[in-house]
file protein22.cif (mmCIF, N, CA and C atoms)
data_protein
loop_
_atom_site.label_atom_id
_atom_site.label_comp_id
_atom_site.auth_asym_id
_atom_site.auth_seq_id
_atom_site.Cartn_x
_atom_site.Cartn_y
_atom_site.Cartn_z
N MET Q 1 -12.11 -13.76 -8.89
CA MET Q 1 -11.39 -14.62 -7.97
C MET Q 1 -11.48 -14.02 -6.56
N ILE Q 2 -11.82 -14.84 -5.60
CA ILE Q 2 -11.88 -14.40 -4.21
C ILE Q 2 -10.49 -14.54 -3.61
N ALA Q 3 -10.07 -13.50 -2.89
CA ALA Q 3 -8.74 -13.49 -2.29
C ALA Q 3 -8.61 -14.58 -1.24
N SER Q 4 -7.48 -15.26 -1.25
CA SER Q 4 -7.22 -16.28 -0.24
C SER Q 4 -6.06 -15.91 0.67
N THR Q 5 -5.33 -14.84 0.33
CA THR Q 5 -4.22 -14.37 1.16
C THR Q 5 -4.24 -12.85 1.23
N TYR Q 6 -3.49 -12.31 2.15
CA TYR Q 6 -3.33 -10.85 2.22
C TYR Q 6 -2.69 -10.33 0.92
N TYR Q 7 -1.82 -11.14 0.34
CA TYR Q 7 -1.18 -10.75 -0.92
C TYR Q 7 -2.22 -10.61 -2.03
N ASP Q 8 -3.14 -11.57 -2.10
CA ASP Q 8 -4.22 -11.47 -3.09
C ASP Q 8 -5.04 -10.20 -2.89
N LYS Q 9 -5.34 -9.89 -1.64
CA LYS Q 9 -6.11 -8.68 -1.34
C LYS Q 9 -5.30 -7.43 -1.70
N ALA Q 10 -4.00 -7.48 -1.45
CA ALA Q 10 -3.13 -6.35 -1.81
C ALA Q 10 -3.17 -6.11 -3.31
N LEU Q 11 -3.01 -7.19 -4.08
CA LEU Q 11 -3.04 -7.06 -5.53
C LEU Q 11 -4.39 -6.57 -6.04
N SER Q 12 -5.46 -7.02 -5.42
CA SER Q 12 -6.80 -6.58 -5.81
C SER Q 12 -6.98 -5.08 -5.56
N ASN Q 13 -6.51 -4.61 -4.42
CA ASN Q 13 -6.58 -3.17 -4.12
C ASN Q 13 -5.73 -2.38 -5.09
N PHE Q 14 -4.56 -2.91 -5.42
CA PHE Q 14 -3.68 -2.22 -6.36
C PHE Q 14 -4.34 -2.13 -7.74
N LYS Q 15 -4.94 -3.21 -8.16
CA LYS Q 15 -5.64 -3.22 -9.45
C LYS Q 15 -6.77 -2.18 -9.44
N SER Q 16 -7.53 -2.12 -8.35
CA SER Q 16 -8.61 -1.13 -8.24
C SER Q 16 -8.07 0.29 -8.34
N ALA Q 17 -6.98 0.56 -7.65
CA ALA Q 17 -6.38 1.90 -7.69
C ALA Q 17 -5.96 2.27 -9.11
N LYS Q 18 -5.33 1.33 -9.80
CA LYS Q 18 -4.89 1.61 -11.18
C LYS Q 18 -6.08 1.82 -12.11
N LEU Q 19 -7.12 1.04 -11.94
CA LEU Q 19 -8.32 1.22 -12.77
C LEU Q 19 -8.94 2.60 -12.54
N ILE Q 20 -9.09 2.97 -11.30
CA ILE Q 20 -9.66 4.29 -10.98
C ILE Q 20 -8.79 5.38 -11.58
N PHE Q 21 -7.48 5.25 -11.40
CA PHE Q 21 -6.56 6.29 -11.88
C PHE Q 21 -6.62 6.46 -13.39
N THR Q 22 -6.80 5.38 -14.13
CA THR Q 22 -6.81 5.49 -15.58
C THR Q 22 -8.02 6.25 -16.11
N VAL Q 23 -9.09 6.30 -15.34
CA VAL Q 23 -10.30 6.96 -15.84
C VAL Q 23 -10.66 8.24 -15.09
N ALA Q 24 -9.93 8.58 -14.04
CA ALA Q 24 -10.40 9.68 -13.20
C ALA Q 24 -9.31 10.66 -12.77
N THR Q 25 -8.33 10.94 -13.62
CA THR Q 25 -7.25 11.83 -13.21
C THR Q 25 -7.69 13.27 -12.99
N ASP Q 26 -8.89 13.62 -13.42
CA ASP Q 26 -9.37 14.99 -13.21
C ASP Q 26 -10.49 15.06 -12.17
N ASP Q 27 -10.70 13.98 -11.43
CA ASP Q 27 -11.76 13.92 -10.42
C ASP Q 27 -11.11 13.69 -9.05
N GLU Q 28 -11.04 14.74 -8.24
CA GLU Q 28 -10.32 14.66 -6.96
C GLU Q 28 -10.89 13.59 -6.03
N GLU Q 29 -12.20 13.44 -6.01
CA GLU Q 29 -12.79 12.43 -5.13
C GLU Q 29 -12.41 11.01 -5.57
N GLN Q 30 -12.39 10.79 -6.86
CA GLN Q 30 -11.98 9.47 -7.36
C GLN Q 30 -10.49 9.24 -7.15
N LEU Q 31 -9.69 10.29 -7.27
CA LEU Q 31 -8.26 10.16 -6.95
C LEU Q 31 -8.07 9.78 -5.49
N ASN Q 32 -8.90 10.34 -4.62
CA ASN Q 32 -8.84 9.94 -3.21
C ASN Q 32 -9.13 8.45 -3.05
N GLN Q 33 -10.09 7.96 -3.82
CA GLN Q 33 -10.40 6.53 -3.76
C GLN Q 33 -9.21 5.69 -4.24
N ALA Q 34 -8.55 6.16 -5.28
CA ALA Q 34 -7.34 5.47 -5.75
C ALA Q 34 -6.29 5.47 -4.64
N GLY Q 35 -6.12 6.61 -3.96
CA GLY Q 35 -5.17 6.70 -2.85
C GLY Q 35 -5.50 5.74 -1.72
N TYR Q 36 -6.78 5.63 -1.39
CA TYR Q 36 -7.20 4.69 -0.36
C TYR Q 36 -6.78 3.26 -0.75
N HIS Q 37 -7.04 2.87 -1.98
CA HIS Q 37 -6.70 1.52 -2.42
C HIS Q 37 -5.18 1.30 -2.48
N LEU Q 38 -4.44 2.35 -2.79
CA LEU Q 38 -2.97 2.23 -2.77
C LEU Q 38 -2.48 1.99 -1.35
N GLN Q 39 -3.05 2.71 -0.39
CA GLN Q 39 -2.67 2.51 1.01
C GLN Q 39 -2.98 1.09 1.42
N GLN Q 40 -4.18 0.62 1.07
CA GLN Q 40 -4.57 -0.74 1.43
C GLN Q 40 -3.64 -1.78 0.78
N ALA Q 41 -3.27 -1.54 -0.46
CA ALA Q 41 -2.38 -2.46 -1.17
C ALA Q 41 -1.05 -2.60 -0.44
N LEU Q 42 -0.47 -1.48 -0.03
CA LEU Q 42 0.81 -1.52 0.66
C LEU Q 42 0.67 -2.16 2.03
N GLU Q 43 -0.34 -1.75 2.77
CA GLU Q 43 -0.57 -2.32 4.10
C GLU Q 43 -0.74 -3.84 4.03
N LEU Q 44 -1.56 -4.31 3.12
CA LEU Q 44 -1.84 -5.74 3.02
C LEU Q 44 -0.64 -6.53 2.50
N ALA Q 45 0.16 -5.94 1.64
CA ALA Q 45 1.38 -6.62 1.18
C ALA Q 45 2.33 -6.83 2.36
N ILE Q 46 2.48 -5.81 3.18
CA ILE Q 46 3.34 -5.93 4.36
C ILE Q 46 2.78 -6.98 5.32
N LYS Q 47 1.48 -6.94 5.55
CA LYS Q 47 0.86 -7.92 6.45
C LYS Q 47 1.03 -9.34 5.90
N HIS Q 48 1.01 -9.50 4.59
CA HIS Q 48 1.24 -10.82 4.01
C HIS Q 48 2.65 -11.32 4.33
N ILE Q 49 3.62 -10.44 4.19
CA ILE Q 49 5.01 -10.83 4.48
C ILE Q 49 5.14 -11.22 5.95
N LEU Q 50 4.50 -10.47 6.83
CA LEU Q 50 4.53 -10.83 8.25
C LEU Q 50 3.88 -12.20 8.48
N ALA Q 51 2.73 -12.42 7.82
CA ALA Q 51 2.01 -13.68 8.01
C ALA Q 51 2.81 -14.88 7.52
N ILE Q 52 3.44 -14.76 6.36
CA ILE Q 52 4.19 -15.93 5.85
C ILE Q 52 5.47 -16.17 6.65
N ASN Q 53 5.83 -15.18 7.48
CA ASN Q 53 6.97 -15.36 8.38
C ASN Q 53 6.51 -15.75 9.78
N GLY Q 54 5.23 -16.14 9.89
CA GLY Q 54 4.71 -16.67 11.15
C GLY Q 54 4.44 -15.63 12.22
N LYS Q 55 4.35 -14.38 11.86
CA LYS Q 55 4.13 -13.32 12.83
C LYS Q 55 2.65 -12.97 12.89
N PRO Q 56 2.17 -12.60 14.09
CA PRO Q 56 0.76 -12.20 14.19
C PRO Q 56 0.52 -10.91 13.41
N ILE Q 57 -0.66 -10.81 12.84
CA ILE Q 57 -1.02 -9.62 12.07
C ILE Q 57 -1.36 -8.50 13.03
N GLN Q 58 -0.68 -7.40 12.87
CA GLN Q 58 -0.90 -6.23 13.70
C GLN Q 58 -2.21 -5.56 13.29
N LYS Q 59 -3.02 -5.19 14.27
CA LYS Q 59 -4.30 -4.53 13.99
C LYS Q 59 -4.08 -3.03 13.90
N THR Q 60 -3.47 -2.64 12.80
CA THR Q 60 -3.18 -1.23 12.55
C THR Q 60 -3.19 -0.99 11.04
N HIS Q 61 -3.46 0.26 10.69
CA HIS Q 61 -3.34 0.68 9.29
C HIS Q 61 -2.07 1.51 9.10
N ASP Q 62 -1.31 1.69 10.17
CA ASP Q 62 -0.13 2.54 10.16
C ASP Q 62 1.05 1.80 9.53
N ILE Q 63 1.39 2.21 8.33
CA ILE Q 63 2.44 1.54 7.57
C ILE Q 63 3.80 1.68 8.26
N ASP Q 64 4.09 2.87 8.82
CA ASP Q 64 5.34 3.04 9.56
C ASP Q 64 5.43 2.07 10.73
N GLN Q 65 4.33 1.88 11.42
CA GLN Q 65 4.30 0.95 12.55
C GLN Q 65 4.56 -0.48 12.07
N LEU Q 66 3.98 -0.86 10.95
CA LEU Q 66 4.20 -2.20 10.40
C LEU Q 66 5.66 -2.37 9.97
N ILE Q 67 6.23 -1.33 9.37
CA ILE Q 67 7.64 -1.38 8.97
C ILE Q 67 8.53 -1.55 10.19
N SER Q 68 8.27 -0.80 11.25
CA SER Q 68 9.06 -0.90 12.48
C SER Q 68 8.94 -2.29 13.10
N TYR Q 69 7.72 -2.82 13.11
CA TYR Q 69 7.50 -4.15 13.65
C TYR Q 69 8.31 -5.19 12.86
N ALA Q 70 8.24 -5.11 11.54
CA ALA Q 70 9.00 -6.05 10.70
C ALA Q 70 10.50 -5.92 10.97
N LYS Q 71 10.97 -4.68 11.10
CA LYS Q 71 12.39 -4.46 11.37
C LYS Q 71 12.78 -5.08 12.71
N ASP Q 72 11.94 -4.87 13.73
CA ASP Q 72 12.21 -5.45 15.05
C ASP Q 72 12.25 -6.98 14.99
N GLN Q 73 11.44 -7.55 14.10
CA GLN Q 73 11.37 -9.00 13.96
C GLN Q 73 12.40 -9.54 12.96
N LYS Q 74 13.20 -8.60 12.41
CA LYS Q 74 14.24 -8.94 11.42
C LYS Q 74 13.65 -9.61 10.16
N ILE Q 75 12.54 -9.02 9.70
CA ILE Q 75 11.86 -9.51 8.50
C ILE Q 75 12.08 -8.50 7.38
N GLU Q 76 12.58 -8.98 6.26
CA GLU Q 76 12.82 -8.14 5.08
C GLU Q 76 11.49 -7.88 4.38
N LEU Q 77 11.19 -6.60 4.14
CA LEU Q 77 9.96 -6.22 3.46
C LEU Q 77 10.17 -5.90 1.98
N TYR Q 78 11.41 -5.69 1.57
CA TYR Q 78 11.76 -5.40 0.17
C TYR Q 78 11.17 -4.08 -0.34
N LEU Q 79 10.90 -3.14 0.56
CA LEU Q 79 10.30 -1.86 0.16
C LEU Q 79 11.27 -1.02 -0.66
N THR Q 80 10.72 -0.27 -1.61
CA THR Q 80 11.53 0.71 -2.32
C THR Q 80 11.79 1.89 -1.39
N GLU Q 81 12.81 2.67 -1.68
CA GLU Q 81 13.13 3.84 -0.85
C GLU Q 81 11.94 4.80 -0.79
N TYR Q 82 11.30 5.01 -1.93
CA TYR Q 82 10.15 5.91 -1.98
C TYR Q 82 9.05 5.45 -1.02
N LEU Q 83 8.73 4.17 -1.04
CA LEU Q 83 7.66 3.67 -0.17
C LEU Q 83 8.04 3.80 1.30
N LYS Q 84 9.31 3.60 1.62
CA LYS Q 84 9.76 3.80 3.01
C LYS Q 84 9.64 5.26 3.41
N GLU Q 85 10.11 6.14 2.53
CA GLU Q 85 10.12 7.58 2.82
C GLU Q 85 8.72 8.17 2.90
N LYS Q 86 7.80 7.66 2.12
CA LYS Q 86 6.44 8.21 2.06
C LYS Q 86 5.43 7.41 2.87
N ALA Q 87 5.88 6.45 3.65
CA ALA Q 87 4.97 5.59 4.40
C ALA Q 87 4.03 6.39 5.30
N ASP Q 88 4.54 7.44 5.94
CA ASP Q 88 3.69 8.23 6.83
C ASP Q 88 2.59 8.94 6.05
N ILE Q 89 2.91 9.43 4.87
CA ILE Q 89 1.92 10.12 4.04
C ILE Q 89 0.91 9.12 3.49
N ILE Q 90 1.38 8.00 2.99
CA ILE Q 90 0.48 6.98 2.43
C ILE Q 90 -0.45 6.45 3.51
N THR Q 91 0.04 6.31 4.73
CA THR Q 91 -0.79 5.86 5.85
C THR Q 91 -2.01 6.76 6.01
N LEU Q 92 -1.81 8.06 5.89
CA LEU Q 92 -2.92 9.01 6.08
C LEU Q 92 -4.03 8.84 5.04
N TRP Q 93 -3.70 8.26 3.90
CA TRP Q 93 -4.71 8.09 2.85
C TRP Q 93 -5.81 7.14 3.28
N GLU Q 94 -5.54 6.26 4.24
CA GLU Q 94 -6.55 5.30 4.70
C GLU Q 94 -7.73 6.03 5.34
N THR Q 95 -7.46 7.01 6.18
CA THR Q 95 -8.55 7.71 6.86
C THR Q 95 -8.90 9.05 6.22
N ASN Q 96 -7.88 9.82 5.83
CA ASN Q 96 -8.15 11.16 5.32
C ASN Q 96 -9.00 11.16 4.05
N THR Q 97 -8.82 10.14 3.21
CA THR Q 97 -9.59 10.09 1.97
C THR Q 97 -11.06 9.81 2.23
N ARG Q 98 -11.37 9.28 3.39
CA ARG Q 98 -12.76 8.93 3.71
C ARG Q 98 -13.42 9.90 4.68
N TYR Q 99 -12.65 10.50 5.58
CA TYR Q 99 -13.27 11.25 6.66
C TYR Q 99 -12.94 12.74 6.72
N VAL Q 100 -11.94 13.19 6.00
CA VAL Q 100 -11.55 14.60 6.05
C VAL Q 100 -12.12 15.33 4.83
N MET Q 101 -13.10 16.18 5.10
CA MET Q 101 -13.72 16.93 4.01
C MET Q 101 -12.69 17.90 3.42
N GLY Q 102 -12.65 17.98 2.11
CA GLY Q 102 -11.72 18.88 1.44
C GLY Q 102 -10.33 18.31 1.21
N PHE Q 103 -10.09 17.10 1.70
CA PHE Q 103 -8.79 16.46 1.51
C PHE Q 103 -8.66 15.99 0.07
N SER Q 104 -7.49 16.17 -0.52
CA SER Q 104 -7.25 15.61 -1.85
C SER Q 104 -5.77 15.27 -2.01
N ILE Q 105 -5.53 14.26 -2.81
CA ILE Q 105 -4.17 13.81 -3.09
C ILE Q 105 -3.81 14.29 -4.49
N GLU Q 106 -2.61 14.84 -4.62
CA GLU Q 106 -2.18 15.33 -5.93
C GLU Q 106 -2.03 14.19 -6.93
N VAL Q 107 -2.40 14.48 -8.18
CA VAL Q 107 -2.32 13.48 -9.25
C VAL Q 107 -0.92 12.90 -9.34
N GLU Q 108 0.09 13.74 -9.27
CA GLU Q 108 1.47 13.26 -9.43
C GLU Q 108 1.87 12.32 -8.30
N ARG Q 109 1.37 12.57 -7.09
CA ARG Q 109 1.69 11.68 -5.96
C ARG Q 109 1.05 10.30 -6.17
N ILE Q 110 -0.17 10.29 -6.69
CA ILE Q 110 -0.82 9.02 -7.00
C ILE Q 110 -0.04 8.29 -8.09
N ARG Q 111 0.31 9.01 -9.14
CA ARG Q 111 1.05 8.42 -10.25
C ARG Q 111 2.38 7.81 -9.76
N LYS Q 112 3.11 8.54 -8.94
CA LYS Q 112 4.39 8.06 -8.44
C LYS Q 112 4.21 6.83 -7.53
N THR Q 113 3.18 6.84 -6.71
CA THR Q 113 2.94 5.71 -5.82
C THR Q 113 2.55 4.47 -6.61
N ILE Q 114 1.76 4.65 -7.65
CA ILE Q 114 1.44 3.51 -8.53
C ILE Q 114 2.72 2.95 -9.15
N GLU Q 115 3.57 3.83 -9.64
CA GLU Q 115 4.83 3.41 -10.24
C GLU Q 115 5.68 2.63 -9.24
N GLU Q 116 5.76 3.13 -8.01
CA GLU Q 116 6.57 2.47 -6.99
C GLU Q 116 5.96 1.15 -6.54
N LEU Q 117 4.64 1.09 -6.45
CA LEU Q 117 4.01 -0.17 -6.08
C LEU Q 117 4.13 -1.19 -7.20
N ASP Q 118 4.13 -0.74 -8.45
CA ASP Q 118 4.40 -1.66 -9.56
C ASP Q 118 5.76 -2.31 -9.35
N LYS Q 119 6.77 -1.50 -9.04
CA LYS Q 119 8.12 -2.03 -8.77
C LYS Q 119 8.10 -2.98 -7.59
N TYR Q 120 7.39 -2.58 -6.53
CA TYR Q 120 7.34 -3.37 -5.31
C TYR Q 120 6.73 -4.75 -5.55
N PHE Q 121 5.60 -4.78 -6.24
CA PHE Q 121 4.96 -6.07 -6.50
C PHE Q 121 5.80 -6.95 -7.42
N LEU Q 122 6.55 -6.35 -8.31
CA LEU Q 122 7.48 -7.11 -9.14
C LEU Q 122 8.58 -7.74 -8.28
N ILE Q 123 9.13 -6.95 -7.37
CA ILE Q 123 10.14 -7.46 -6.44
C ILE Q 123 9.55 -8.61 -5.61
N LEU Q 124 8.35 -8.40 -5.08
CA LEU Q 124 7.73 -9.44 -4.24
C LEU Q 124 7.47 -10.72 -5.04
N SER Q 125 7.09 -10.57 -6.29
CA SER Q 125 6.82 -11.76 -7.10
C SER Q 125 8.07 -12.61 -7.29
N LYS Q 126 9.23 -11.97 -7.20
CA LYS Q 126 10.49 -12.70 -7.34
C LYS Q 126 11.04 -13.20 -6.01
N GLU Q 127 10.76 -12.48 -4.93
CA GLU Q 127 11.38 -12.77 -3.64
C GLU Q 127 10.56 -13.70 -2.74
N LEU Q 128 9.24 -13.66 -2.88
CA LEU Q 128 8.40 -14.40 -1.93
C LEU Q 128 8.03 -15.78 -2.43
N THR Q 129 7.94 -16.70 -1.48
CA THR Q 129 7.30 -17.98 -1.74
C THR Q 129 5.98 -17.90 -0.98
N TYR Q 130 4.95 -17.72 -1.69
CA TYR Q 130 3.64 -17.40 -1.13
C TYR Q 130 3.21 -18.43 -0.15
#
call {"tool": "encode", "arguments": {"input": "protein22.cif", "output": "structure tokens"}}
result
Amino acid sequence: MIASTYYDKALSNFKSAKLIFTVATDDEEQLNQAGYHLQQALELAIKHILAINGKPIQKTHDIDQLISYAKDQKIELYLTEYLKEKADIITLWETNTRYVMGFSIEVERIRKTIEELDKYFLILSKELTY
């Protein structure tokens, strides 16, 4: 299925991250790829919420910046506390996993972020009218 919304793209990235994680927990480079897709999933989910609220899509990968923008616009993002607290770290996965040699994300951090994004997408499935 070809994505027709930012939400579809977010879910696709999340699915990719989970698939990678299930087969590559002992491969640091593949874990980095899972981290990249997790960052993209969160970023695109937030951008979807902004879009369905009629707001222009910010040209940034910075999740903290997107959260601040949504807050300024009084838009509820339904983020879990973990995702809010770790937004700065997750943001770095977009570039560091691709351009910083020797960078790696701990297995447990990937596992926890997958768990939190599972919760987040469940919340969004109940709260959003796509």
call {"tool": "resolve_selection", "arguments": {"input": "protein22.cif", "expression": "the PyMOL selection byres ((chain Q and resi 33-47) around 6.5)", "output": "JSON, numbers by chain"}}
result
{"Q": [6, 7, 9, 10, 11, 13, 14, 16, 17, 18, 20, 21, 28, 29, 30, 31, 32, 48, 49, 50, 51, 52, 57, 61, 63, 90, 91, 93, 94, 97, 110]}
call {"tool": "closest_residue", "arguments": {"input": "protein22.cif", "among": "Q:Asp64, Q:Glu108, Q:Ile123, Q:Asp26", "to": "Ala87 of chain Q", "atoms": "all atoms listed in the file"}}
result
Q:Asp64
call {"tool": "atom_distance", "arguments": {"input": "protein22.cif", "atom1": "atom CA of Ile67 of chain Q", "atom2": "atom CA of Leu79 of chain Q"}}
result
9.2 Å
call {"tool": "atom_distance", "arguments": {"input": "protein22.cif", "atom1": "atom CA of Arg111 of chain Q", "atom2": "atom C of Tyr99 of chain Q"}}
result
22.4 Å
call {"tool": "select_by_dssp", "arguments": {"input": "protein22.cif", "residues": "chain Q", "states": "helix (DSSP H, G or I)", "output": "PyMOL selection string"}}
result
chain Q and resi 6-23+28-52+63-72+81-85+87-99+107-127
call {"tool": "axis_aligned_box", "arguments": {"input": "protein22.cif", "around": "segment 109-125 of chain Q", "padding_each_side": "6 Å", "output": "lines of an AutoDock Vina configuration file"}}
result
center_x = 4.7
center_y = 0.0
center_z = -7.2
size_x = 23.0
size_y = 37.2
size_z = 18.0
call {"tool": "closest_residue", "arguments": {"input": "protein22.cif", "among": "Q:Ser12, Q:Thr25, Q:Thr5, Q:Thr129", "to": "Ile105 of chain Q", "atoms": "only C-alpha atoms"}}
result
Q:Thr25
call {"tool": "closest_residue", "arguments": {"input": "protein22.cif", "among": "Q:Ile89, Q:Leu122, Q:Ile75, Q:Ala24", "to": "Gly54 of chain Q", "atoms": "only C-alpha atoms"}}
result
Q:Ile75
call {"tool": "atom_distance", "arguments": {"input": "protein22.cif", "atom1": "atom CA of Lys15 of chain Q", "atom2": "atom CA of Leu124 of chain Q"}}
result
15.6 Å
